[in-house]
$ cat model25.cif   # mmCIF, N, CA, C and O atoms
data_my_file
loop_
_atom_site.group_PDB
_atom_site.id
_atom_site.type_symbol
_atom_site.label_atom_id
_atom_site.label_comp_id
_atom_site.auth_asym_id
_atom_site.auth_seq_id
_atom_site.Cartn_x
_atom_site.Cartn_y
_atom_site.Cartn_z
ATOM 1 N N MET A 17 53.444 102.965 83.248
ATOM 2 C CA MET A 17 53.638 101.632 83.753
ATOM 3 C C MET A 17 55.077 101.511 84.248
ATOM 4 O O MET A 17 55.988 102.061 83.660
ATOM 5 N N ILE A 18 55.236 100.781 85.327
ATOM 6 C CA ILE A 18 56.567 100.570 85.883
ATOM 7 C C ILE A 18 57.026 99.166 85.507
ATOM 8 O O ILE A 18 56.312 98.195 85.736
ATOM 9 N N LYS A 19 58.207 99.084 84.917
ATOM 10 C CA LYS A 19 58.794 97.807 84.521
ATOM 11 C C LYS A 19 60.040 97.557 85.364
ATOM 12 O O LYS A 19 60.762 98.489 85.696
ATOM 13 N N TYR A 20 60.292 96.291 85.669
ATOM 14 C CA TYR A 20 61.417 95.902 86.516
ATOM 15 C C TYR A 20 62.367 95.005 85.731
ATOM 16 O O TYR A 20 61.913 94.092 85.062
ATOM 17 N N LYS A 21 63.675 95.259 85.836
ATOM 18 C CA LYS A 21 64.682 94.406 85.202
ATOM 19 C C LYS A 21 65.451 93.704 86.307
ATOM 20 O O LYS A 21 66.198 94.330 87.056
ATOM 21 N N THR A 22 65.240 92.395 86.408
ATOM 22 C CA THR A 22 65.859 91.627 87.485
ATOM 23 C C THR A 22 67.002 90.750 87.003
ATOM 24 O O THR A 22 67.720 90.184 87.822
ATOM 25 N N GLN A 23 67.199 90.614 85.708
ATOM 26 C CA GLN A 23 68.295 89.814 85.177
ATOM 27 C C GLN A 23 69.551 90.673 85.159
ATOM 28 O O GLN A 23 69.787 91.435 84.234
ATOM 29 N N VAL A 24 70.356 90.547 86.213
ATOM 30 C CA VAL A 24 71.493 91.452 86.362
ATOM 31 C C VAL A 24 72.848 90.778 86.297
ATOM 32 O O VAL A 24 73.865 91.461 86.216
ATOM 33 N N GLY A 25 72.900 89.461 86.368
ATOM 34 C CA GLY A 25 74.211 88.808 86.328
ATOM 35 C C GLY A 25 74.143 87.369 86.761
ATOM 36 O O GLY A 25 73.501 86.549 86.127
ATOM 37 N N THR A 26 74.774 87.080 87.883
ATOM 38 C CA THR A 26 74.847 85.712 88.367
ATOM 39 C C THR A 26 73.479 85.235 88.849
ATOM 40 O O THR A 26 72.554 86.036 89.046
ATOM 41 N N GLN A 27 73.369 83.948 89.069
ATOM 42 C CA GLN A 27 72.117 83.369 89.535
ATOM 43 C C GLN A 27 71.715 83.966 90.888
ATOM 44 O O GLN A 27 70.543 84.262 91.126
ATOM 45 N N TYR A 28 72.695 84.147 91.764
ATOM 46 C CA TYR A 28 72.414 84.737 93.078
ATOM 47 C C TYR A 28 71.913 86.179 92.943
ATOM 48 O O TYR A 28 70.965 86.575 93.615
ATOM 49 N N GLU A 29 72.546 86.978 92.085
ATOM 50 C CA GLU A 29 72.127 88.363 91.886
ATOM 51 C C GLU A 29 70.727 88.431 91.285
ATOM 52 O O GLU A 29 69.932 89.290 91.660
ATOM 53 N N ASN A 30 70.431 87.525 90.362
ATOM 54 C CA ASN A 30 69.096 87.492 89.770
ATOM 55 C C ASN A 30 68.043 87.159 90.824
ATOM 56 O O ASN A 30 66.961 87.749 90.846
ATOM 57 N N MET A 31 68.368 86.223 91.720
ATOM 58 C CA MET A 31 67.455 85.854 92.787
ATOM 59 C C MET A 31 67.242 87.036 93.739
ATOM 60 O O MET A 31 66.117 87.335 94.134
ATOM 61 N N GLU A 32 68.317 87.727 94.079
ATOM 62 C CA GLU A 32 68.208 88.898 94.939
ATOM 63 C C GLU A 32 67.403 90.004 94.250
ATOM 64 O O GLU A 32 66.601 90.694 94.888
ATOM 65 N N GLY A 33 67.593 90.166 92.947
ATOM 66 C CA GLY A 33 66.828 91.148 92.184
ATOM 67 C C GLY A 33 65.335 90.845 92.196
ATOM 68 O O GLY A 33 64.511 91.750 92.355
ATOM 69 N N ARG A 34 64.984 89.573 92.055
ATOM 70 C CA ARG A 34 63.577 89.188 92.117
ATOM 71 C C ARG A 34 62.995 89.441 93.504
ATOM 72 O O ARG A 34 61.849 89.894 93.640
ATOM 73 N N ASP A 35 63.779 89.158 94.537
ATOM 74 C CA ASP A 35 63.323 89.407 95.911
ATOM 75 C C ASP A 35 63.091 90.903 96.147
ATOM 76 O O ASP A 35 62.095 91.297 96.765
ATOM 77 N N LEU A 36 63.996 91.738 95.664
ATOM 78 C CA LEU A 36 63.827 93.191 95.806
ATOM 79 C C LEU A 36 62.603 93.681 95.039
ATOM 80 O O LEU A 36 61.844 94.514 95.525
ATOM 81 N N ARG A 37 62.432 93.151 93.828
ATOM 82 C CA ARG A 37 61.264 93.522 93.032
ATOM 83 C C ARG A 37 59.981 93.164 93.779
ATOM 84 O O ARG A 37 59.047 93.965 93.852
ATOM 85 N N ASP A 38 59.942 91.953 94.343
ATOM 86 C CA ASP A 38 58.751 91.508 95.053
ATOM 87 C C ASP A 38 58.489 92.354 96.298
ATOM 88 O O ASP A 38 57.343 92.499 96.711
ATOM 89 N N ALA A 39 59.530 92.914 96.899
ATOM 90 C CA ALA A 39 59.364 93.775 98.071
ATOM 91 C C ALA A 39 58.892 95.175 97.683
ATOM 92 O O ALA A 39 58.095 95.798 98.396
ATOM 93 N N ILE A 40 59.358 95.675 96.551
ATOM 94 C CA ILE A 40 59.045 97.040 96.120
ATOM 95 C C ILE A 40 57.712 97.112 95.380
ATOM 96 O O ILE A 40 56.975 98.083 95.507
ATOM 97 N N LYS A 41 57.396 96.099 94.627
ATOM 98 C CA LYS A 41 56.232 96.118 93.740
ATOM 99 C C LYS A 41 54.917 96.465 94.448
ATOM 100 O O LYS A 41 54.156 97.290 93.942
ATOM 101 N N PRO A 42 54.599 95.896 95.622
ATOM 102 C CA PRO A 42 53.335 96.274 96.281
ATOM 103 C C PRO A 42 53.285 97.743 96.682
ATOM 104 O O PRO A 42 52.217 98.353 96.678
ATOM 105 N N GLN A 43 54.428 98.334 97.017
ATOM 106 C CA GLN A 43 54.465 99.742 97.401
ATOM 107 C C GLN A 43 54.172 100.653 96.216
ATOM 108 O O GLN A 43 53.636 101.751 96.382
ATOM 109 N N LEU A 44 54.544 100.212 95.017
ATOM 110 C CA LEU A 44 54.387 101.043 93.831
ATOM 111 C C LEU A 44 53.178 100.657 92.989
ATOM 112 O O LEU A 44 52.984 101.200 91.902
ATOM 113 N N SER A 45 52.386 99.751 93.487
ATOM 114 C CA SER A 45 51.225 99.269 92.746
ATOM 115 C C SER A 45 50.268 100.417 92.433
ATOM 116 O O SER A 45 49.918 101.218 93.302
ATOM 117 N N GLY A 46 49.864 100.521 91.187
ATOM 118 C CA GLY A 46 48.910 101.533 90.759
ATOM 119 C C GLY A 46 49.506 102.886 90.419
ATOM 120 O O GLY A 46 48.782 103.778 89.983
ATOM 121 N N MET A 47 50.800 103.065 90.610
ATOM 122 C CA MET A 47 51.422 104.355 90.297
ATOM 123 C C MET A 47 51.646 104.485 88.795
ATOM 124 O O MET A 47 52.022 103.531 88.131
ATOM 125 N N HIS A 48 51.408 105.671 88.282
ATOM 126 C CA HIS A 48 51.722 105.990 86.893
ATOM 127 C C HIS A 48 51.865 107.505 86.769
ATOM 128 O O HIS A 48 51.423 108.248 87.634
ATOM 129 N N CYS A 49 52.519 107.918 85.718
ATOM 130 C CA CYS A 49 52.717 109.341 85.463
ATOM 131 C C CYS A 49 51.641 109.790 84.483
ATOM 132 O O CYS A 49 51.656 109.401 83.318
ATOM 133 N N SER A 50 50.716 110.587 84.958
ATOM 134 C CA SER A 50 49.631 111.038 84.083
ATOM 135 C C SER A 50 50.092 112.134 83.132
ATOM 136 O O SER A 50 49.439 112.400 82.122
ATOM 137 N N LYS A 51 51.232 112.750 83.435
ATOM 138 C CA LYS A 51 51.747 113.827 82.592
ATOM 139 C C LYS A 51 52.456 113.276 81.344
ATOM 140 O O LYS A 51 52.188 113.708 80.233
ATOM 141 N N CYS A 52 53.325 112.292 81.530
ATOM 142 C CA CYS A 52 54.162 111.806 80.432
ATOM 143 C C CYS A 52 53.581 110.578 79.725
ATOM 144 O O CYS A 52 53.772 110.411 78.537
ATOM 145 N N LYS A 53 52.926 109.698 80.467
ATOM 146 C CA LYS A 53 52.361 108.470 79.913
ATOM 147 C C LYS A 53 53.413 107.588 79.228
ATOM 148 O O LYS A 53 53.160 106.966 78.219
ATOM 149 N N GLN A 54 54.631 107.576 79.789
ATOM 150 C CA GLN A 54 55.703 106.713 79.295
ATOM 151 C C GLN A 54 56.053 105.708 80.370
ATOM 152 O O GLN A 54 55.726 105.885 81.539
ATOM 153 N N ASP A 55 56.744 104.648 79.969
ATOM 154 C CA ASP A 55 57.153 103.615 80.918
ATOM 155 C C ASP A 55 58.321 104.093 81.774
ATOM 156 O O ASP A 55 59.158 104.876 81.329
ATOM 157 N N THR A 56 58.334 103.604 82.990
ATOM 158 C CA THR A 56 59.436 103.843 83.909
ATOM 159 C C THR A 56 60.115 102.513 84.161
ATOM 160 O O THR A 56 59.449 101.509 84.390
ATOM 161 N N ASN A 57 61.428 102.483 84.098
ATOM 162 C CA ASN A 57 62.189 101.254 84.314
ATOM 163 C C ASN A 57 62.925 101.333 85.639
ATOM 164 O O ASN A 57 63.533 102.344 85.966
ATOM 165 N N ILE A 58 62.852 100.231 86.384
ATOM 166 C CA ILE A 58 63.627 100.103 87.605
ATOM 167 C C ILE A 58 64.577 98.938 87.399
ATOM 168 O O ILE A 58 64.147 97.799 87.228
ATOM 169 N N LEU A 59 65.862 99.255 87.349
ATOM 170 C CA LEU A 59 66.903 98.244 87.173
ATOM 171 C C LEU A 59 67.570 98.022 88.520
ATOM 172 O O LEU A 59 67.697 98.942 89.315
ATOM 173 N N PHE A 60 68.006 96.814 88.756
ATOM 174 C CA PHE A 60 68.710 96.513 89.992
ATOM 175 C C PHE A 60 70.184 96.354 89.657
ATOM 176 O O PHE A 60 70.562 95.514 88.859
ATOM 177 N N VAL A 61 71.014 97.215 90.267
ATOM 178 C CA VAL A 61 72.444 97.244 89.983
ATOM 179 C C VAL A 61 73.233 96.966 91.254
ATOM 180 O O VAL A 61 72.772 97.258 92.361
ATOM 181 N N ALA A 62 74.422 96.401 91.092
ATOM 182 C CA ALA A 62 75.288 96.104 92.238
ATOM 183 C C ALA A 62 75.800 97.409 92.836
ATOM 184 O O ALA A 62 76.160 98.336 92.119
ATOM 185 N N ASP A 63 75.846 97.460 94.163
ATOM 186 C CA ASP A 63 76.289 98.674 94.841
ATOM 187 C C ASP A 63 77.776 98.667 95.193
ATOM 188 O O ASP A 63 78.276 99.596 95.794
ATOM 189 N N GLY A 64 78.483 97.600 94.829
ATOM 190 C CA GLY A 64 79.905 97.519 95.125
ATOM 191 C C GLY A 64 80.215 96.785 96.414
ATOM 192 O O GLY A 64 81.372 96.529 96.723
ATOM 193 N N TYR A 65 79.197 96.480 97.183
ATOM 194 C CA TYR A 65 79.373 95.774 98.455
ATOM 195 C C TYR A 65 78.709 94.400 98.431
ATOM 196 O O TYR A 65 78.477 93.803 99.473
ATOM 197 N N GLY A 66 78.361 93.912 97.256
ATOM 198 C CA GLY A 66 77.757 92.596 97.123
ATOM 199 C C GLY A 66 76.247 92.579 97.231
ATOM 200 O O GLY A 66 75.649 91.522 97.352
ATOM 201 N N HIS A 67 75.627 93.744 97.200
ATOM 202 C CA HIS A 67 74.174 93.834 97.273
ATOM 203 C C HIS A 67 73.661 94.602 96.064
ATOM 204 O O HIS A 67 74.411 95.288 95.379
ATOM 205 N N LEU A 68 72.372 94.496 95.828
ATOM 206 C CA LEU A 68 71.748 95.223 94.727
ATOM 207 C C LEU A 68 70.949 96.393 95.271
ATOM 208 O O LEU A 68 70.445 96.356 96.381
ATOM 209 N N LYS A 69 70.851 97.429 94.462
ATOM 210 C CA LYS A 69 70.022 98.569 94.804
ATOM 211 C C LYS A 69 69.229 98.957 93.559
ATOM 212 O O LYS A 69 69.675 98.734 92.432
ATOM 213 N N PRO A 70 68.049 99.534 93.741
ATOM 214 C CA PRO A 70 67.248 99.931 92.575
ATOM 215 C C PRO A 70 67.778 101.207 91.942
ATOM 216 O O PRO A 70 68.148 102.163 92.633
ATOM 217 N N LYS A 71 67.828 101.206 90.631
ATOM 218 C CA LYS A 71 68.179 102.402 89.863
ATOM 219 C C LYS A 71 66.935 102.767 89.065
ATOM 220 O O LYS A 71 66.477 101.991 88.226
ATOM 221 N N ILE A 72 66.397 103.935 89.322
ATOM 222 C CA ILE A 72 65.123 104.347 88.739
ATOM 223 C C ILE A 72 65.382 105.203 87.511
ATOM 224 O O ILE A 72 66.073 106.213 87.581
ATOM 225 N N SER A 73 64.807 104.785 86.380
ATOM 226 C CA SER A 73 64.859 105.567 85.144
ATOM 227 C C SER A 73 63.431 105.989 84.815
ATOM 228 O O SER A 73 62.726 105.331 84.059
ATOM 229 N N ALA A 74 63.011 107.086 85.436
ATOM 230 C CA ALA A 74 61.635 107.550 85.283
ATOM 231 C C ALA A 74 61.507 108.467 84.071
ATOM 232 O O ALA A 74 62.496 109.008 83.569
ATOM 233 N N CYS A 75 60.275 108.647 83.644
ATOM 234 C CA CYS A 75 60.007 109.494 82.480
ATOM 235 C C CYS A 75 60.234 110.970 82.798
ATOM 236 O O CYS A 75 60.551 111.749 81.910
ATOM 237 N N CYS A 76 60.056 111.359 84.067
ATOM 238 C CA CYS A 76 60.302 112.748 84.457
ATOM 239 C C CYS A 76 60.751 112.782 85.921
ATOM 240 O O CYS A 76 60.552 111.836 86.671
ATOM 241 N N SER A 77 61.338 113.873 86.313
ATOM 242 C CA SER A 77 61.888 113.975 87.668
ATOM 243 C C SER A 77 60.794 113.989 88.739
ATOM 244 O O SER A 77 61.012 113.489 89.848
ATOM 245 N N GLU A 78 59.614 114.530 88.425
ATOM 246 C CA GLU A 78 58.534 114.551 89.406
ATOM 247 C C GLU A 78 58.069 113.141 89.742
ATOM 248 O O GLU A 78 57.828 112.814 90.912
ATOM 249 N N PHE A 79 57.954 112.284 88.726
ATOM 250 C CA PHE A 79 57.518 110.911 88.959
ATOM 251 C C PHE A 79 58.598 110.129 89.704
ATOM 252 O O PHE A 79 58.297 109.329 90.584
ATOM 253 N N GLU A 80 59.855 110.389 89.386
ATOM 254 C CA GLU A 80 60.948 109.729 90.100
ATOM 255 C C GLU A 80 60.915 110.108 91.579
ATOM 256 O O GLU A 80 61.105 109.257 92.450
ATOM 257 N N THR A 81 60.638 111.347 91.882
ATOM 258 C CA THR A 81 60.537 111.802 93.269
ATOM 259 C C THR A 81 59.386 111.096 93.981
ATOM 260 O O THR A 81 59.539 110.667 95.130
ATOM 261 N N ARG A 82 58.252 110.949 93.314
ATOM 262 C CA ARG A 82 57.112 110.249 93.912
ATOM 263 C C ARG A 82 57.466 108.790 94.210
ATOM 264 O O ARG A 82 57.102 108.261 95.269
ATOM 265 N N ILE A 83 58.179 108.140 93.287
ATOM 266 C CA ILE A 83 58.583 106.741 93.486
ATOM 267 C C ILE A 83 59.534 106.645 94.678
ATOM 268 O O ILE A 83 59.378 105.786 95.542
ATOM 269 N N ARG A 84 60.521 107.520 94.724
ATOM 270 C CA ARG A 84 61.497 107.492 95.812
ATOM 271 C C ARG A 84 60.823 107.705 97.176
ATOM 272 O O ARG A 84 61.198 107.084 98.165
ATOM 273 N N LYS A 85 59.839 108.591 97.231
ATOM 274 C CA LYS A 85 59.132 108.827 98.494
ATOM 275 C C LYS A 85 58.337 107.603 98.925
ATOM 276 O O LYS A 85 58.178 107.358 100.113
ATOM 277 N N ARG A 86 57.832 106.844 97.974
ATOM 278 C CA ARG A 86 57.097 105.620 98.314
ATOM 279 C C ARG A 86 58.035 104.521 98.788
ATOM 280 O O ARG A 86 57.729 103.787 99.715
ATOM 281 N N ILE A 87 59.196 104.393 98.140
ATOM 282 C CA ILE A 87 60.138 103.336 98.511
ATOM 283 C C ILE A 87 60.844 103.672 99.822
ATOM 284 O O ILE A 87 60.976 102.839 100.704
ATOM 285 N N TRP A 88 61.324 104.901 99.934
ATOM 286 C CA TRP A 88 62.057 105.366 101.119
ATOM 287 C C TRP A 88 61.338 106.573 101.720
ATOM 288 O O TRP A 88 61.770 107.707 101.531
ATOM 289 N N PRO A 89 60.275 106.355 102.483
ATOM 290 C CA PRO A 89 59.475 107.490 102.977
ATOM 291 C C PRO A 89 60.189 108.385 103.990
ATOM 292 O O PRO A 89 59.846 109.561 104.126
ATOM 293 N N ASP A 90 61.182 107.882 104.687
ATOM 294 C CA ASP A 90 61.832 108.683 105.719
ATOM 295 C C ASP A 90 63.106 109.383 105.256
ATOM 296 O O ASP A 90 63.840 109.922 106.062
ATOM 297 N N GLN A 91 63.366 109.381 103.979
ATOM 298 C CA GLN A 91 64.574 110.063 103.491
ATOM 299 C C GLN A 91 64.234 111.367 102.827
ATOM 300 O O GLN A 91 63.269 111.586 102.233
#
$ encode --input "model25.cif" --output "structure tokens"
Amino acid sequence: MIKYKTQVGTQYENMEGRDLRDAIKPQLSGMHCSKCKQDTNILFVADGYGHLKPKISACCSEFETRIRKRIWPDQ
């Protein structure tokens, strides 16, 4: 199961975190790691330029790679 942490700081950052979660969530719907069966956490952290970016804490590197390919398919 993928869990999202959107409470990151100020009210504006929390709102931006919720917006990012809502944008990413449909892309990752139904994904799970059948090998590990542990939760994956996606935290939204400040990038230093006033925006948030997702930080993925997956149960294994293979599942993290699958998530990254779904979020950013052209990278």
$ select_by_dssp --input "model25.cif" --residues "stretch 39-89 of chain A" --states "alpha helix (DSSP H)" --output "PDB file with N, CA, C and O atoms, in the coordinates of the input"
ATOM      1  N   ALA A  39      59.530  92.914  96.899  1.00  0.00           N
ATOM      2  CA  ALA A  39      59.364  93.775  98.071  1.00  0.00           C
ATOM      3  C   ALA A  39      58.892  95.175  97.683  1.00  0.00           C
ATOM      4  O   ALA A  39      58.095  95.798  98.396  1.00  0.00           O
ATOM      5  N   ILE A  40      59.358  95.675  96.551  1.00  0.00           N
ATOM      6  CA  ILE A  40      59.045  97.040  96.120  1.00  0.00           C
ATOM      7  C   ILE A  40      57.712  97.112  95.380  1.00  0.00           C
ATOM      8  O   ILE A  40      56.975  98.083  95.507  1.00  0.00           O
ATOM      9  N   LYS A  41      57.396  96.099  94.627  1.00  0.00           N
ATOM     10  CA  LYS A  41      56.232  96.118  93.740  1.00  0.00           C
ATOM     11  C   LYS A  41      54.917  96.465  94.448  1.00  0.00           C
ATOM     12  O   LYS A  41      54.156  97.290  93.942  1.00  0.00           O
ATOM     13  N   PRO A  42      54.599  95.896  95.622  1.00  0.00           N
ATOM     14  CA  PRO A  42      53.335  96.274  96.281  1.00  0.00           C
ATOM     15  C   PRO A  42      53.285  97.743  96.682  1.00  0.00           C
ATOM     16  O   PRO A  42      52.217  98.353  96.678  1.00  0.00           O
ATOM     17  N   GLN A  43      54.428  98.334  97.017  1.00  0.00           N
ATOM     18  CA  GLN A  43      54.465  99.742  97.401  1.00  0.00           C
ATOM     19  C   GLN A  43      54.172 100.653  96.216  1.00  0.00           C
ATOM     20  O   GLN A  43      53.636 101.751  96.382  1.00  0.00           O
ATOM     21  N   LEU A  44      54.544 100.212  95.017  1.00  0.00           N
ATOM     22  CA  LEU A  44      54.387 101.043  93.831  1.00  0.00           C
ATOM     23  C   LEU A  44      53.178 100.657  92.989  1.00  0.00           C
ATOM     24  O   LEU A  44      52.984 101.200  91.902  1.00  0.00           O
ATOM     25  N   SER A  77      61.338 113.873  86.313  1.00  0.00           N
ATOM     26  CA  SER A  77      61.888 113.975  87.668  1.00  0.00           C
ATOM     27  C   SER A  77      60.794 113.989  88.739  1.00  0.00           C
ATOM     28  O   SER A  77      61.012 113.489  89.848  1.00  0.00           O
ATOM     29  N   GLU A  78      59.614 114.530  88.425  1.00  0.00           N
ATOM     30  CA  GLU A  78      58.534 114.551  89.406  1.00  0.00           C
ATOM     31  C   GLU A  78      58.069 113.141  89.742  1.00  0.00           C
ATOM     32  O   GLU A  78      57.828 112.814  90.912  1.00  0.00           O
ATOM     33  N   PHE A  79      57.954 112.284  88.726  1.00  0.00           N
ATOM     34  CA  PHE A  79      57.518 110.911  88.959  1.00  0.00           C
ATOM     35  C   PHE A  79      58.598 110.129  89.704  1.00  0.00           C
ATOM     36  O   PHE A  79      58.297 109.329  90.584  1.00  0.00           O
ATOM     37  N   GLU A  80      59.855 110.389  89.386  1.00  0.00           N
ATOM     38  CA  GLU A  80      60.948 109.729  90.100  1.00  0.00           C
ATOM     39  C   GLU A  80      60.915 110.108  91.579  1.00  0.00           C
ATOM     40  O   GLU A  80      61.105 109.257  92.450  1.00  0.00           O
ATOM     41  N   THR A  81      60.638 111.347  91.882  1.00  0.00           N
ATOM     42  CA  THR A  81      60.537 111.802  93.269  1.00  0.00           C
ATOM     43  C   THR A  81      59.386 111.096  93.981  1.00  0.00           C
ATOM     44  O   THR A  81      59.539 110.667  95.130  1.00  0.00           O
ATOM     45  N   ARG A  82      58.252 110.949  93.314  1.00  0.00           N
ATOM     46  CA  ARG A  82      57.112 110.249  93.912  1.00  0.00           C
ATOM     47  C   ARG A  82      57.466 108.790  94.210  1.00  0.00           C
ATOM     48  O   ARG A  82      57.102 108.261  95.269  1.00  0.00           O
ATOM     49  N   ILE A  83      58.179 108.140  93.287  1.00  0.00           N
ATOM     50  CA  ILE A  83      58.583 106.741  93.486  1.00  0.00           C
ATOM     51  C   ILE A  83      59.534 106.645  94.678  1.00  0.00           C
ATOM     52  O   ILE A  83      59.378 105.786  95.542  1.00  0.00           O
ATOM     53  N   ARG A  84      60.521 107.520  94.724  1.00  0.00           N
ATOM     54  CA  ARG A  84      61.497 107.492  95.812  1.00  0.00           C
ATOM     55  C   ARG A  84      60.823 107.705  97.176  1.00  0.00           C
ATOM     56  O   ARG A  84      61.198 107.084  98.165  1.00  0.00           O
ATOM     57  N   LYS A  85      59.839 108.591  97.231  1.00  0.00           N
ATOM     58  CA  LYS A  85      59.132 108.827  98.494  1.00  0.00           C
ATOM     59  C   LYS A  85      58.337 107.603  98.925  1.00  0.00           C
ATOM     60  O   LYS A  85      58.178 107.358 100.113  1.00  0.00           O
ATOM     61  N   ARG A  86      57.832 106.844  97.974  1.00  0.00           N
ATOM     62  CA  ARG A  86      57.097 105.620  98.314  1.00  0.00           C
ATOM     63  C   ARG A  86      58.035 104.521  98.788  1.00  0.00           C
ATOM     64  O   ARG A  86      57.729 103.787  99.715  1.00  0.00           O
ATOM     65  N   ILE A  87      59.196 104.393  98.140  1.00  0.00           N
ATOM     66  CA  ILE A  87      60.138 103.336  98.511  1.00  0.00           C
ATOM     67  C   ILE A  87      60.844 103.672  99.822  1.00  0.00           C
ATOM     68  O   ILE A  87      60.976 102.839 100.704  1.00  0.00           O
TER      69      ILE A  87
END
$ resolve_selection --input "model25.cif" --expression "the PyMOL selection byres (((chain A and resi 84 and name CA) around 12) and name CA)" --output "MDAnalysis selection string"
chainID A and resid 40 43:44 47 58 70:74 77:83 85:91
$ atom_distance --input "model25.cif" --atom1 "atom O of A:His48" --atom2 "atom C of A:Cys75"
10.4 Å
$ resolve_selection --input "model25.cif" --expression "the PyMOL selection byres ((chain A and resi 22) around 8)" --output "list of chain:residue names"
A:Lys19, A:Tyr20, A:Lys21, A:Gln23, A:Val24, A:Gly25, A:Thr26, A:Gln27, A:Tyr28, A:Glu29, A:Asn30, A:Met31, A:Glu32, A:Gly33, A:Arg34, A:Asp35, A:Arg37, A:Ile58, A:Leu59, A:Phe60
$ atom_distance --input "model25.cif" --atom1 "atom CA of A:Asp63" --atom2 "atom CA of A:Gly46"
27.8 Å
$ atom_distance --input "model25.cif" --atom1 "atom CA of A:Asp55" --atom2 "atom CA of A:Leu68"
21.8 Å
$ select_by_dssp --input "model25.cif" --residues "stretch 24-76 of chain A" --states "strand (DSSP E or B)" --output "list of chain:residue names"
A:Thr56, A:Asn57, A:Ile58, A:Leu59, A:Phe60, A:Val61, A:Ala62, A:Leu68, A:Lys69, A:Pro70, A:Lys71, A:Ile72, A:Ser73
$ axis_aligned_box --input "model25.cif" --around "stretch 30-43 of chain A" --padding-each-side "4 Å" --output "AutoDock Vina command-line options"
--center_x 61.3 --center_y 93.8 --center_z 94.1 --size_x 26.2 --size_y 23.9 --size_z 16.6
$ build_atoms --input "model25.cif" --residues "stretch 75-80 of chain A" --atoms "all heavy atoms" --output "compact mmCIF listing (two decimals), keeping the file's coordinate frame"
# COMPACT_ATOMS: atom_id res chain seq x y z
N CYS A 75 60.28 108.65 83.64
CA CYS A 75 60.01 109.49 82.48
C CYS A 75 60.23 110.97 82.80
O CYS A 75 60.55 111.75 81.91
CB CYS A 75 58.59 109.25 81.99
SG CYS A 75 57.33 109.50 83.27
N CYS A 76 60.06 111.36 84.07
CA CYS A 76 60.30 112.75 84.46
C CYS A 76 60.75 112.78 85.92
O CYS A 76 60.55 111.84 86.67
CB CYS A 76 59.05 113.60 84.25
SG CYS A 76 57.63 113.11 85.22
N SER A 77 61.34 113.87 86.31
CA SER A 77 61.89 113.98 87.67
C SER A 77 60.79 113.99 88.74
O SER A 77 61.01 113.49 89.85
CB SER A 77 62.76 115.22 87.79
OG SER A 77 61.99 116.38 87.54
N GLU A 78 59.61 114.53 88.42
CA GLU A 78 58.53 114.55 89.41
C GLU A 78 58.07 113.14 89.74
O GLU A 78 57.83 112.81 90.91
CB GLU A 78 57.34 115.37 88.90
CG GLU A 78 57.61 116.85 88.77
CD GLU A 78 58.21 117.23 87.42
OE1 GLU A 78 58.19 116.37 86.49
OE2 GLU A 78 58.72 118.34 87.30
N PHE A 79 57.95 112.28 88.73
CA PHE A 79 57.52 110.91 88.96
C PHE A 79 58.60 110.13 89.70
O PHE A 79 58.30 109.33 90.58
CB PHE A 79 57.15 110.23 87.64
CG PHE A 79 56.49 108.90 87.82
CD1 PHE A 79 55.37 108.76 88.63
CD2 PHE A 79 56.97 107.78 87.20
CE1 PHE A 79 54.75 107.54 88.80
CE2 PHE A 79 56.37 106.55 87.36
CZ PHE A 79 55.25 106.43 88.16
N GLU A 80 59.86 110.39 89.39
CA GLU A 80 60.95 109.73 90.10
C GLU A 80 60.92 110.11 91.58
O GLU A 80 61.10 109.26 92.45
CB GLU A 80 62.30 110.10 89.49
CG GLU A 80 63.45 109.39 90.17
CD GLU A 80 64.78 109.63 89.48
OE1 GLU A 80 64.81 110.11 88.34
OE2 GLU A 80 65.80 109.32 90.11
